[in-house]
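First the structure, in the form of structure tokens, and then the observations on it.
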There are 2 protein chains.
Amino acid sequence: MSATTDTNDDTTLRKAGYHHGDLRAGLIEATRQLVEQNGPDGFSVSDACRLAGVSTAAPYKHFKNKGEMIVAVCVEGMERLKANMHSSVTDIPEGDPRRMMALGKEYINYALTEPACFRLKFGGFTDGMDNEALKAAGEAVFQTAMQEVSLCIGESIESPVVRQKAFMLWSFVHGLSFILEDADLADMGEGIDVDFVLADMARRVLSD
Amino acid sequence: MSATTDTNDDTTLRKAGYHHGDLRAGLIEATRQLVEQNGPDGFSVSDACRLAGVSTAAPYKHFKNKGEMIVAVCVEGMERLKANMHSSVTDIPEGDPRRMMALGKEYINYALTEPACFRLKFGGFTDGMDNEALKAAGEAVFQTAMQEVSLCIGESIESPVVRQKAFMLWSFVHGLSFILEDADLADMGEGIDVDFVLADMARRVLSD
DNA sequence: CTTCTCAAGTTAGCCTCTCTAACATATGTT
DNA sequence: AACATATGTTAGAGAGGCTAACTTGAGAAG
């Protein structure tokens with residue numbers, strides 16, 4: 001039984017001595033890994049504890065309950081998504097419709113590389129978990145889309161048209177993400193070029 | 001303790017005597033009710049048993065495990081969705097683009113009236129549960145959309161263009177459904193008229 | 001009508017999971 | 001050096017998933 005061994009291979013995950021250092025971060029990372037491995041509902045607090053190398057009671061010094069752990073993982077994920085989206089457009093000049101496409105691609109890319117996190121946030125697992133941080137993280141992502149639409153069609157971000165077009169594109173990309181990461185559903189889109197439909201949709205929606 | 005009382009108020013749900021009659025159907029209905037009440041992850045086999053008035057071991061004569069119960073609820077739900085979609089277009093002449101809109105509205109309507117079933121099927125709860133019946137039920141729904149697109153644009157259902165347009169519209173409606181039923185996300189679409197965006201999107205995608 | 005059989009129930013109990021209470025340890029402030 | 005507090009631990013209550021072994025009763029066969 002060397003659960004509390006000193007050889008610390010997995011930084012931030014396992015602990016070195018009696019105290020972990022940053023168990024909160026360690027548990028979030030452990031949970032994220034488990035969720036990505038076993039699906040959005042295939043994780044238990046106990047599993048996360050084993051991964052982090054602590055007792056099953058330890059998490060409750062950092063989170064109120066299992067739900068709060070899930071929310072924390074989602075918030076982190078949304079922050080990564082937002083950062084990815086931002087960095088995906090830095091090389092493209094403002095107003096270029098390719099920026100809109102890059103955002104959509106990045107959204108889908110996130111859904112495909114962190115599918116379980118994506119579903120944890122959007123699939124209904126956080127239903128009824130009112131959390132300001134999580135809501136704010138989601139809004140920040142939508143704001144990014146509105147900003148881009150505003151630049152593309154040359155209208156104020158306050159304009160209802162901008163909101164409407166952003167909402168339409170977001171709905172499309174959001175649904176596409178869900179479909180692509182579900183093997184059964186993705187089968188129905190066989191032969192379809194994701195890049196093409198993304199560009200095609202952007203063109204159709206952004207035109208008058 | 002009158003759990004096995006003779007007064008049978010809730011047909012198909014509770015049993016009358018020692019044998020239930022159709023416990024399989026009773027458990028599916030009980031599960032559906034619980035899921036709609038408490039969210040897609042807010043149900044337990046035990047709860048369903050209590051609702052159906054049987055012991056906690058009874059379900060295992062009809063389902064291999066909890067996952068199979070979930071899948072059964074999803075299959076039933078998809079069949080309802082398909083039926084609703086079909087009946088929503090019977091009064092509109094073939095080829096009329098309003099048929100496409102009616103299908104989309106019905107899809108969204110289903111997501112809003114049976115939100116937990118919708119998320120159970122599409123939110124990731126059935127991840128890794130390979131089930132032919134469930135996959136077939138989903139495909140039938142997409143076929144309906146393709147059929148309509150084919151009629152609207154006057155091309156064979158085999159045509160890649162038809163598949164592509166159907167896929168684009170489905171993605172949009174699918175994403176819109178997820179967004180509308182999530183209170184936090186729906187807030188971002190404040191002031192947006194669902195009927196309008198549906199019609200607008202259909203027009204944009206179905207045009208050349 | 002009786003008897004047999006088998007599908008469809010039941011009880012008892014295992015293991016795991018979430019979460020709490022009570023106790024232990026280490027860290028940094030005074 | 002001593003204490004206060006944050007962060008761990010162990011023990012255990014209560015619930016849920018699932019199985020094994022037993023029971024019931026409904027329909028077929030004699």
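Note on naming: chains are A, B, ... as they come in the structure tokens, residues start from 1 per chain, ligands start from 1 in the order shown.
The residues of chain C lying at most 12 Å from chain A, with only C-alpha atoms (C1' of nucleotides) taken into account, are DT16, DC17, DT18, DC19, DT20, DA21, DA24, DT25, DA26 and DT27 of chain C.
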Residue contacts of stretch 175-186 of chain B (6 Å, only C-alpha atoms (C1' of nucleotides)) excluding same-chain residues fewer than 6 positions away, as JSON, numbers by chain: {"A": [171, 172, 174, 175], "B": [108, 111, 112]}
Non-local contacts of stretch 126-142 of chain A (8 Å; only C-alpha atoms (C1' of nucleotides); under 2 positions in same chain excluded) as a ChimeraX atom specification: /A:67,70-71,74-75,78-79,81-82,120-124,144-146,166,170 /B:39,182,184-185,188
Polymer residues at most 12 Å from C:DA8, only C-alpha atoms (C1' of nucleotides), same-chain spacing of 5 or more positions, as a list of chain:residue names: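 Final neighbour list, sorted by chain and number: B:Gly17, B:Tyr18, B:His19, B:His20, B:Gly21, B:Asp22, B:Leu23, B:Arg24, B:Val54, B:Ser55, B:Ala57, B:Ala58, B:Pro59, B:Tyr60, B:Lys61, B:His62, D:DT23, D:DT24, D:DG25, D:DA26.
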Given only C-alpha atoms as the counted atoms, nearest of B:Leu206, B:Val73, B:Met85, B:Gln33 to B:Pro97: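 Using only C-alpha atoms, B:Pro97 sits closest to B:Leu206.
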Best match for closeness to chain B among A:Cys49, A:Val205, A:Ala102, A:Leu151, counting only C-alpha atoms: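 The answer is A:Val205, which sits nearest to chain B.
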Contacts of stretch 154-163 of chain B at 8 Å (only C-alpha atoms (C1' of nucleotides); same-chain gap of 6+ positions) as a list of chain:residue names: A:Gly189, B:Gly95, B:Met146, B:Gln147
Output C-alpha atoms for every residue in that selection, as a short mmCIF file (atom, residue, chain, number, x, y, z; two decimals), in the first residue's frame.
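As written to disk, again23.cif reads:
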```
data_model
loop_
_atom_site.label_atom_id
_atom_site.label_comp_id
_atom_site.auth_asym_id
_atom_site.auth_seq_id
_atom_site.Cartn_x
_atom_site.Cartn_y
_atom_site.Cartn_z
CA GLY A 189 -23.69 13.26 -41.81
CA GLY B 95 -43.22 20.78 -51.39
CA MET B 146 -34.28 14.62 -45.73
CA GLN B 147 -37.59 13.64 -47.30
#
```
Shortest interatomic distance to B:Ala199 - which of B:Gly26, B:Ala83, B:Leu169, B:Thr113, counting only C-alpha atoms: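 For B:Ala199, the nearest of the given residues is B:Leu169.
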Expected answer as a ChimeraX atom specification: helix (DSSP H, G or I) residues in stretch 35-207 of chain B: /B:35-38,45-52,58-61,66-89,97-113,115-122,132-153,160-180,183-189,194-206
